Amino acid sequence: MAEAHPVGFQWVMEAKRRGAKVFHVDPRFTRTSAVADSYLPIRAGTDIALLGGVVRYILDNELDFREYVLAYTNAATIVSEQFADTEDGDGLFSGYDPNTDSYVQTSWQYAGHEADSGSGHTAKERDSAAGLRHESHGAQVHGQVQRDETLQHPRCVYQILRRHFARYTPEMVERVCGIPREKFLELARAWTENSGRDRTGALVYSVGWTQHSVGVQYIRTGAIIQLLLGNMGRPGGGILALRGHASIQGSTDIPTLFNLLPGYLPMPHHADHPTFDEWVDSIRHPGQKGFWGNARAYAASLLKAYWGDAATPDNDFCYDHLPRMTGDHGTYQQVLNMIDGKVRGYFLLGQNPAVGSAHGRAQRLGMANLDWLVVRDLFMIESATFWKNGPEVATGEIVPTECRTEVFFLPAASHVEKEGTFTQTQRLLQWREKAVEPPGDARSELWFFYHLGRRLRERLAGSPHRRDRALLDLAWDYPTHGPHDEPSAEAVLREINGYDVSTGRPLASFAEAKDDGSTAVGCWIYSGVYADGVNQAARRRSRHEQDWVAAQWGWAWPANRRILYNRASADPQGRPWSERKKYVWWDPQAGEWTGYDVPDFEKTKPPTYRPPQGASGPAALAGDDPFVMQADGKGWLYAPSGVLDGPLPTHYEPAESPLRNPLYGQQANPTRKVYAHPVNSVNPSPPQEHSQVFPYVFTVSRLTEHHTAGAMSRTVRPLAELQPEMFVEVSPELAAEAGLTHLGWAHLVSGRAVIEAKVLVTDRLTPLRVDGRVIHQLWLPYHFGYEGLVTGDSANDLFGITLDPNVLIQESKVGTCDVRPGRRPTGPALRDLVEDYRRRAGIVPGDRPPTVTTPVLRPAGRSDDGPREKGADHA
Amino acid sequence: MGLRTFIAGWPVYRQLTGTDPLGRGAAAQSGRSAGLTARTETADRVARSVCPYCAVGCGQRVYVSDDRVTQIEGDPDSPISRGRLCPKGSASKSLVTSPLRQTTVRYRRPYSTEWEDLDLDTALDMIADRVLAAREQTWEDVDSDGRPLHRTLGISSLGGATLDNEENYLIKKLFTAMGALQIENQARI
Amino acid sequence: MPDANSLYGPLDPAPDAGWTAAGPRMGFFTDTSVCIGCKACEVACKEWNAVPESGFDLLGMSYDNTGALTANSWRHVAFIEQPVPAGHRTAAFAGDPTGGSAGATSAAVAAGTGSASGTNPGVPPGDADAAARMAGTVPSVAPDGTGTRFLGMPGAAPPGRGTGAETRTDFRWLMMSDVCKHCTHAACLDVCPTGSLFRTEFGTVVVQEDICNGCGYCISACPYGVIDQRKGDGRAWKCTLCYDRLGAGMTPACAQACPTESIQYGPLDELRDRAAQRVATLHERGVPQARLYGHDPTDGVGGDGAFFLLLGEPEVYGLPPDPVVTTRDLPRMWRRAGLAALAMTAAAVAAFVGGSS
């Protein structure tokens, strides 16, 4: 955190000053480790084993916050007797379908709900990265559930959890992660001792967790611990995702993502959502508890914002204008399609995949096979010059005179040259004022897309084609100003907030959204950001002039709430758990919830409220159900649906590992997404042969001095001089073994690429003893590329493409490689070296490694959805 | 300047007559030093902004003189950052004023080995042409069962995590209306 | 003849330099125990003061690619990797299958790295002995009891422990943002023949770029090796403690940016109190190595306007253990010089007399 989010880290230092203990788990000793109270070196890709050990420690010693766990989580809920755990399936849960490498989730459901809840067959959900939808809500559960308040029932979640994690002992943690058991116990003790009524503990992670083939389950394990310890919805607790880009939260909320529409409404699927009603019902699940019951209003209001007057209840608000998904249309599938010649044009908007995405060579080969490419950036980045300066030009794989891609580089406006909102990592929107005009041809994206849209609509005016109706019907008249006709960002923010169509009055909250076409709302979760016609995101009341929650600085979604699910900061009766951790509570005199923050609960629903029989929507939530977006109002220790690779986290080895999984016969995530494409490959791992060809584990991350793919730091002199060259960090032990010298050159080889770097031999890296073997790990920054003031080979070139099944994010925090002293070959000899390694490792182009490495004992039964459509991309 | 003032401004005169006989302090202060002011004090305007790097969301104050950014530093009012910035945030002025920034449109025609200049207006027209052509060539109206698809898989887009919400909103809205489905950003990476 | 006290011993320097209405003396307290080595100070300083580039060189001195305080780097973050206990509850690499430390080999390689900083003398080439000393390889007191010796290594070095330890378990990574010390008795200022270096009303020491003629006397006078000339320009440049910002009541750019309050700015008296409390707290929390450096008004430079909380011997950070203002003996020297001058005059007069005879 000190490395990548130094200013956020001031709060950790503040806590430390007041006596907090900081534990840092990282494969290498970083600037965070330097000021931590305890540092735990870990083998990259084994966090579930570590965290699972903490879960076991809590349960074995009954250290959970029992009152919280009983009332606010699904610990007492009884699970179907059809469910079989990984302990019985050698690493596979019940319901595994080896034909599609995915689960049928029927057997995971709560008892009595097998038929009517959950997702059924999940292959299709994987292709549409459906897990992302759950960023703002859980999956559905119908009606009432069976519970055992004593937690003794063998099929209650609590007991299932105990059995599932029984083998995650301190000894197993040591064996899998390479963390000595004493150190593990130090962590487990401190974490549990610092949780309860009077104390809370926070868990912080970054992309070190998300960029794994089991990334979502990493975070799930963290969530289980935080729920067991009562650290959710309370001040000083929670799970804090430190995101890496100024508005990456915003770009998920208002998604530039293939599978989502604003506010986590799913992009419709051609087979599942042929009509508006079917689409909406798949979101709101009629009869279900919780706040998603109003999804029809959010959906109708979005379409109304998109298509304005043309969108009416009679035509389902132009629902048929929405493009339909048929499978996986994610960025990695797109790149493979580019290589296969299926994509004509590509827009890059402040993004540099030639350096920043996994398998850089695939990225560049894909871009070299387009009709046209539009790059909008501040600087001339690698993704704009691959045809001229890329490594494949040197190897002869891209010949400029044979590369047909037409490239438009359009300079972009910087953050001070336009106005608008960023949503930072805690869901806080902050408006930026414009300081100066952009230089020369530089323009904002707002300008570019507004005027592109305007021109497209002019060209198509009068078009008879059905396909052009959506563009022609589009509500696309924003006021403009200034010498370049810049569209008004405030007008767009107002549309995002939503307004009453007849009066134009901005909505005060999403509760005012209607499903009859009388409201237009661009992003329902942002509704309220323009309440009263005031740009709430522009609020800048000084921290000196308000309390510590600082509710009058910017605006947080939803409803300016700073801590989600904060009803859990009070006990079931509505009283603060302790004076010290007081946050939101029930005021019996006033008959309402009150506190420092906006209560995340119906304001006047008393703690004693119990829903009547047959209630649905918010009314079905009891007065002590704090997790109001969950279908049963509970925090999910066990996830009967919504997570595609298991209701509970399970340690699987990374897709590339030098080790056999010590816990199960199943080696790696059995539902991971693997592309069998000739350009892609996975280095062999046990039980495959030849894993020793790539004997070392490597991991990559950021340096404080640089930013992502380097476009905003390798071009900036005072930053570039602070870390002026690509390097690789190795331990003295590995240096001795591989013959590497400090400040000398080394090259690293994977099945995809060979890259070179200067060597830093440092005590900050250590070999680990894992499962009786010594494992060496290397670390690389991933910021470097061939353009800019300081240059170097790109670490991401080493990675292949293997994705998490829930969100289709690639495993680019761990891989295997070899390392050799000296510089890499140049020209065609470079590919010869890689080919030689591939031959020795038995890598066959287009092959994929075996997904299942243990017999499937309890295969999936019949399911409603049937198996995935083979070859789902229709391109 | 009168003679007296001239002489009184002489360091040696000040040294001999003032409180600083060794001439190391007040007497040695040059006219430039005496006239120094922080350029933030004399800025024409200050824009309240947010750091463009990571997602912590540190407050920035952008100082502008003569329509040029002269300083960017932390906003002490921010409850998030309390006026502090990391090296990247501290380098924001160098970022936005970098001489390496591209400020004109560049164009590489197919099979060319060099960049060319291109007028922004022309570029926009050419891009519009290509978008429409790609749609036409790759449009899918319905699937094999006649269910609507209403899309093109011939166009892709990547980016948005460093853009504004308003920009992402227009990007998604326009691409969706174009039938372009393959819109992605760093959140997938 | 100047008062000897103006050149040595405790003193409030601004009034002594003729600022009759001076406010409290202002300075920096840099608490290295909370430094995270982010280098925001280096960048913020360059941005505010328009300090030019200092070269693109991977120095291999841990994460320090700046190398030293130079005319083009007015803040410098030193990184020191040492195989010694860090106050972690359990040693960082306890139980791991480690062998020897990265050792003197890498330290020596790094020590031999010089940077093209565009300044003179710029980043000194370093000294393997000093690097090893900083890496904790050599005891800071020599076996013959002669005490510490500053070897001139300006920055940090990667770890090294050439004492034959079989396994490394302990490890610590120190970071320290170094800066001009703004000495109470600033030799650079005292030797400056042009009056370019002067004492401000805040008690700080500033080079006036409109006066400096590049004579370079200040460079050899500085007991810390801070001051340095810019190539092509010839003038001396160093930290001004953001003199222009101070005049506007603002905090210096580095301290304003510092994310963890490692760099604190304020009235020196307050900072000294705060620092003493911080040391006491750290001692209570089991960090006995914590100590102050440059805080003492009775030290060889009369105390620094920019002082530090360190977690080890000063040499570990490349700081001289016992700096002495190089002009301490000036009054005595002047007396002798005066006598010599008189004698010379007498001789010259005699020669004239002799010549005319």
# chains A, B, ... in the order shown; residues from 1 in each chain; ligands from 1
$ interface_residues --of "chain B" --to "chain C" --cutoff "10 Å" --atoms "only C-alpha atoms" --output "ChimeraX atom specification"
/B:11,15,18-41,70-76,81-94
$ interface_residues --of "chain C" --to "chain A" --cutoff "8 Å" --atoms "only C-alpha atoms" --output "JSON, numbers by chain"
{"C": [33, 34, 36, 37, 38, 39, 43, 46, 53, 54, 55, 56, 57, 58, 60, 62, 63, 64, 65, 66, 81, 83, 87, 88, 89, 90, 92, 93, 94, 95, 96, 97, 98, 99, 100, 101, 102, 105, 106, 109, 110, 158, 159, 171, 172, 173, 174, 259, 260]}
$ closest_residue --among "B:Leu100, B:Ile80, B:Ala180, B:Val131" --to "A:Arg543" --atoms "only C-alpha atoms"
B:Ile80
$ select_by_dssp --residues "stretch 700-747 of chain A" --states "alpha helix (DSSP H)" --output "ChimeraX atom specification"
/A:717-720,732-738
$ atom_distance --atom1 "atom CA of A:Asp441" --atom2 "atom CA of A:Glu382"
20.3 Å
$ residues_around --residues "A:Ala559" --least-positions-apart "3" --cutoff "12 Å" --atoms "only C-alpha atoms" --output "PyMOL selection string"
chain A and resi 427-429+497+507-511+524-531+536-537+551+554-556+562-564+597-601
$ write_last_selection --atoms "C-alpha atoms" --output "compact mmCIF listing (two decimals), in the first residue's frame"
# COMPACT_ATOMS: atom_id res chain seq x y z
CA ARG A 427 -17.12 5.22 -4.25
CA LEU A 428 -16.66 8.94 -3.73
CA LEU A 429 -17.37 11.21 -6.69
CA ASN A 497 -28.40 11.62 -11.84
CA LEU A 507 -34.26 13.39 -8.96
CA ALA A 508 -33.26 13.41 -5.31
CA SER A 509 -32.60 9.67 -5.19
CA PHE A 510 -33.17 6.44 -7.08
CA ALA A 511 -36.27 5.88 -4.99
CA TRP A 524 -29.46 4.79 -10.91
CA ILE A 525 -26.82 4.22 -8.23
CA TYR A 526 -25.51 7.75 -8.89
CA SER A 527 -28.96 9.24 -8.43
CA GLY A 528 -28.71 12.03 -5.88
CA VAL A 529 -25.38 13.36 -7.13
CA TYR A 530 -27.31 16.24 -8.73
CA ALA A 531 -30.09 16.43 -6.13
CA GLN A 536 -23.07 17.48 -5.01
CA ALA A 537 -19.77 16.03 -6.25
CA ALA A 551 -20.07 13.85 4.44
CA GLY A 554 -17.82 15.17 -2.67
CA TRP A 555 -20.62 12.67 -2.91
CA ALA A 556 -20.54 8.89 -2.42
CA ARG A 562 -19.69 6.43 3.30
CA ILE A 563 -19.80 2.94 4.86
CA LEU A 564 -21.98 0.33 3.19
CA ASP A 597 -23.35 8.47 8.35
CA VAL A 598 -26.42 8.08 6.17
CA PRO A 599 -27.98 4.90 7.58
CA ASP A 600 -27.93 2.02 5.10
CA PHE A 601 -31.40 0.95 6.10
$ atom_distance --atom1 "atom CA of A:Ala639" --atom2 "atom CA of A:Ser107"
11.9 Å
$ closest_residue --among "B:Leu118, B:Leu158, B:Cys51, B:Ile183" --to "B:Thr103" --atoms "only C-alpha atoms"
B:Leu118
$ atom_distance --atom1 "atom CA of A:Trp209" --atom2 "atom CA of A:Pro353"
20.3 Å
$ residues_around --residues "C:Asp296" --least-positions-apart "4" --cutoff "12 Å" --atoms "only C-alpha atoms" --output "PyMOL selection string"
chain C and resi 9-11+183-184+268-269+272-273+275-276+291-292+300-308+322-323
$ write_last_selection --atoms "C-alpha atoms" --output "mmCIF file, in the first residue's frame"
data_model
loop_
_atom_site.group_PDB
_atom_site.id
_atom_site.type_symbol
_atom_site.label_atom_id
_atom_site.label_comp_id
_atom_site.auth_asym_id
_atom_site.auth_seq_id
_atom_site.Cartn_x
_atom_site.Cartn_y
_atom_site.Cartn_z
ATOM 1 C CA GLY C 9 28.243 27.488 19.800
ATOM 2 C CA PRO C 10 24.521 27.987 20.469
ATOM 3 C CA LEU C 11 22.943 30.942 18.725
ATOM 4 C CA CYS C 183 23.281 24.996 10.047
ATOM 5 C CA THR C 184 23.281 27.496 12.864
ATOM 6 C CA LEU C 268 12.537 24.831 15.378
ATOM 7 C CA ASP C 269 11.862 24.925 19.120
ATOM 8 C CA ARG C 272 12.799 19.848 18.821
ATOM 9 C CA ASP C 273 10.224 19.242 21.545
ATOM 10 C CA ALA C 275 11.217 15.136 18.180
ATOM 11 C CA ALA C 276 12.279 14.472 21.763
ATOM 12 C CA ARG C 291 18.065 8.917 18.142
ATOM 13 C CA LEU C 292 18.157 12.498 16.977
ATOM 14 C CA GLY C 300 29.934 21.328 15.943
ATOM 15 C CA VAL C 301 27.619 23.400 13.762
ATOM 16 C CA GLY C 302 25.552 24.897 16.559
ATOM 17 C CA GLY C 303 22.675 22.569 15.695
ATOM 18 C CA ASP C 304 20.921 22.170 12.388
ATOM 19 C CA GLY C 305 17.849 23.963 11.165
ATOM 20 C CA ALA C 306 16.993 20.665 9.489
ATOM 21 C CA PHE C 307 17.488 17.782 11.882
ATOM 22 C CA PHE C 308 16.590 14.125 11.835
ATOM 23 C CA ASP C 322 30.386 14.701 14.177
ATOM 24 C CA PRO C 323 30.188 17.574 11.736
#
$ residues_around --residues "A:Ala310" --least-positions-apart "3" --cutoff "8 Å" --atoms "only C-alpha atoms" --output "PyMOL selection string"
chain A and resi 307+317-318+473-474
$ decode --residues "stretch 133-173 of chain B" --atoms "N, CA and C atoms" --output "CSV table (one decimal), in the first residue's frame"
chain,number,residue,atom,x,y,z
B,133,ALA,N,-18.5,2.0,-41.9
B,133,ALA,CA,-18.2,0.9,-42.8
B,133,ALA,C,-18.0,-0.4,-42.0
B,134,ALA,N,-17.4,-0.3,-40.9
B,134,ALA,CA,-17.2,-1.5,-40.0
B,134,ALA,C,-18.5,-2.1,-39.6
B,135,ARG,N,-19.4,-1.2,-39.2
B,135,ARG,CA,-20.8,-1.6,-38.8
B,135,ARG,C,-21.4,-2.4,-39.9
B,136,GLU,N,-21.4,-1.7,-41.1
B,136,GLU,CA,-22.1,-2.3,-42.2
B,136,GLU,C,-21.6,-3.7,-42.6
B,137,GLN,N,-20.2,-3.8,-42.5
B,137,GLN,CA,-19.6,-5.1,-42.9
B,137,GLN,C,-19.8,-6.2,-41.9
B,138,THR,N,-20.0,-5.8,-40.7
B,138,THR,CA,-20.0,-6.9,-39.6
B,138,THR,C,-21.3,-6.9,-38.9
B,139,TRP,N,-22.3,-6.2,-39.4
B,139,TRP,CA,-23.6,-6.1,-38.6
B,139,TRP,C,-24.3,-7.5,-38.5
B,140,GLU,N,-24.8,-7.7,-37.3
B,140,GLU,CA,-25.6,-9.0,-37.1
B,140,GLU,C,-26.9,-8.5,-36.6
B,141,ASP,N,-27.9,-8.8,-37.3
B,141,ASP,CA,-29.3,-8.4,-37.0
B,141,ASP,C,-29.9,-9.4,-36.0
B,142,VAL,N,-29.8,-10.7,-36.4
B,142,VAL,CA,-30.5,-11.8,-35.5
B,142,VAL,C,-29.5,-13.0,-35.5
B,143,ASP,N,-29.8,-13.8,-34.5
B,143,ASP,CA,-29.0,-15.1,-34.4
B,143,ASP,C,-29.6,-16.1,-35.3
B,144,SER,N,-29.1,-17.3,-35.2
B,144,SER,CA,-29.5,-18.4,-36.1
B,144,SER,C,-31.0,-18.8,-35.8
B,145,ASP,N,-31.5,-18.5,-34.6
B,145,ASP,CA,-32.9,-18.8,-34.3
B,145,ASP,C,-33.8,-17.6,-34.5
B,146,GLY,N,-33.3,-16.5,-35.1
B,146,GLY,CA,-34.1,-15.4,-35.4
B,146,GLY,C,-34.2,-14.4,-34.2
B,147,ARG,N,-33.5,-14.7,-33.1
B,147,ARG,CA,-33.6,-13.8,-32.0
B,147,ARG,C,-32.7,-12.6,-32.2
B,148,PRO,N,-33.1,-11.4,-31.7
B,148,PRO,CA,-32.4,-10.2,-32.1
B,148,PRO,C,-31.0,-10.2,-31.5
B,149,LEU,N,-30.0,-9.7,-32.3
B,149,LEU,CA,-28.6,-9.5,-31.8
B,149,LEU,C,-28.3,-8.0,-31.8
B,150,HIS,N,-28.7,-7.4,-33.0
B,150,HIS,CA,-28.6,-5.9,-33.1
B,150,HIS,C,-27.2,-5.4,-32.7
B,151,ARG,N,-26.2,-5.9,-33.4
B,151,ARG,CA,-24.8,-5.6,-32.9
B,151,ARG,C,-23.8,-5.7,-34.0
B,152,THR,N,-22.6,-5.2,-33.7
B,152,THR,CA,-21.4,-5.5,-34.5
B,152,THR,C,-20.3,-5.9,-33.5
B,153,LEU,N,-19.6,-7.0,-34.0
B,153,LEU,CA,-18.4,-7.4,-33.3
B,153,LEU,C,-17.2,-7.0,-34.0
B,154,GLY,N,-17.4,-6.0,-34.9
B,154,GLY,CA,-16.3,-5.6,-35.7
B,154,GLY,C,-15.6,-4.4,-35.1
B,155,ILE,N,-16.1,-3.9,-34.1
B,155,ILE,CA,-15.5,-2.7,-33.4
B,155,ILE,C,-15.2,-3.0,-32.0
B,156,SER,N,-14.0,-2.7,-31.5
B,156,SER,CA,-13.6,-2.9,-30.1
B,156,SER,C,-13.2,-1.5,-29.5
B,157,SER,N,-13.2,-1.5,-28.2
B,157,SER,CA,-12.7,-0.3,-27.5
B,157,SER,C,-12.2,-0.7,-26.2
B,158,LEU,N,-11.1,0.0,-25.8
B,158,LEU,CA,-10.5,-0.3,-24.5
B,158,LEU,C,-10.1,1.0,-23.8
B,159,GLY,N,-10.5,1.2,-22.6
B,159,GLY,CA,-10.1,2.4,-21.9
B,159,GLY,C,-11.3,3.1,-21.2
B,160,GLY,N,-11.0,3.8,-20.1
B,160,GLY,CA,-12.0,4.5,-19.4
B,160,GLY,C,-11.7,4.7,-17.9
B,161,ALA,N,-10.7,3.9,-17.4
B,161,ALA,CA,-10.4,4.0,-16.0
B,161,ALA,C,-9.8,5.3,-15.6
B,162,THR,N,-9.2,6.0,-16.5
B,162,THR,CA,-8.6,7.3,-16.2
B,162,THR,C,-9.5,8.5,-16.7
B,163,LEU,N,-10.7,8.1,-17.2
B,163,LEU,CA,-11.6,9.1,-17.8
B,163,LEU,C,-12.7,9.5,-16.8
B,164,ASP,N,-13.4,10.5,-17.1
B,164,ASP,CA,-14.4,11.0,-16.2
B,164,ASP,C,-15.7,10.1,-16.4
B,165,ASN,N,-16.5,10.2,-15.3
B,165,ASN,CA,-17.8,9.4,-15.4
B,165,ASN,C,-18.6,9.9,-16.5
B,166,GLU,N,-18.6,11.2,-16.8
B,166,GLU,CA,-19.4,11.8,-17.8
B,166,GLU,C,-19.0,11.3,-19.2
B,167,GLU,N,-17.6,11.1,-19.3
B,167,GLU,CA,-17.1,10.6,-20.6
B,167,GLU,C,-17.4,9.2,-20.8
B,168,ASN,N,-17.3,8.4,-19.7
B,168,ASN,CA,-17.6,7.0,-19.8
B,168,ASN,C,-19.1,6.8,-20.2
B,169,TYR,N,-19.9,7.7,-19.6
B,169,TYR,CA,-21.3,7.6,-19.9
B,169,TYR,C,-21.6,7.9,-21.4
B,170,LEU,N,-21.0,8.9,-21.9
B,170,LEU,CA,-21.2,9.1,-23.4
B,170,LEU,C,-20.6,8.0,-24.2
B,171,ILE,N,-19.5,7.5,-23.8
B,171,ILE,CA,-18.8,6.5,-24.6
B,171,ILE,C,-19.8,5.2,-24.6
B,172,LYS,N,-20.2,4.8,-23.5
B,172,LYS,CA,-21.1,3.6,-23.4
B,172,LYS,C,-22.4,3.9,-24.2
B,173,LYS,N,-22.9,5.1,-24.0
B,173,LYS,CA,-24.2,5.4,-24.7
B,173,LYS,C,-24.1,5.3,-26.2
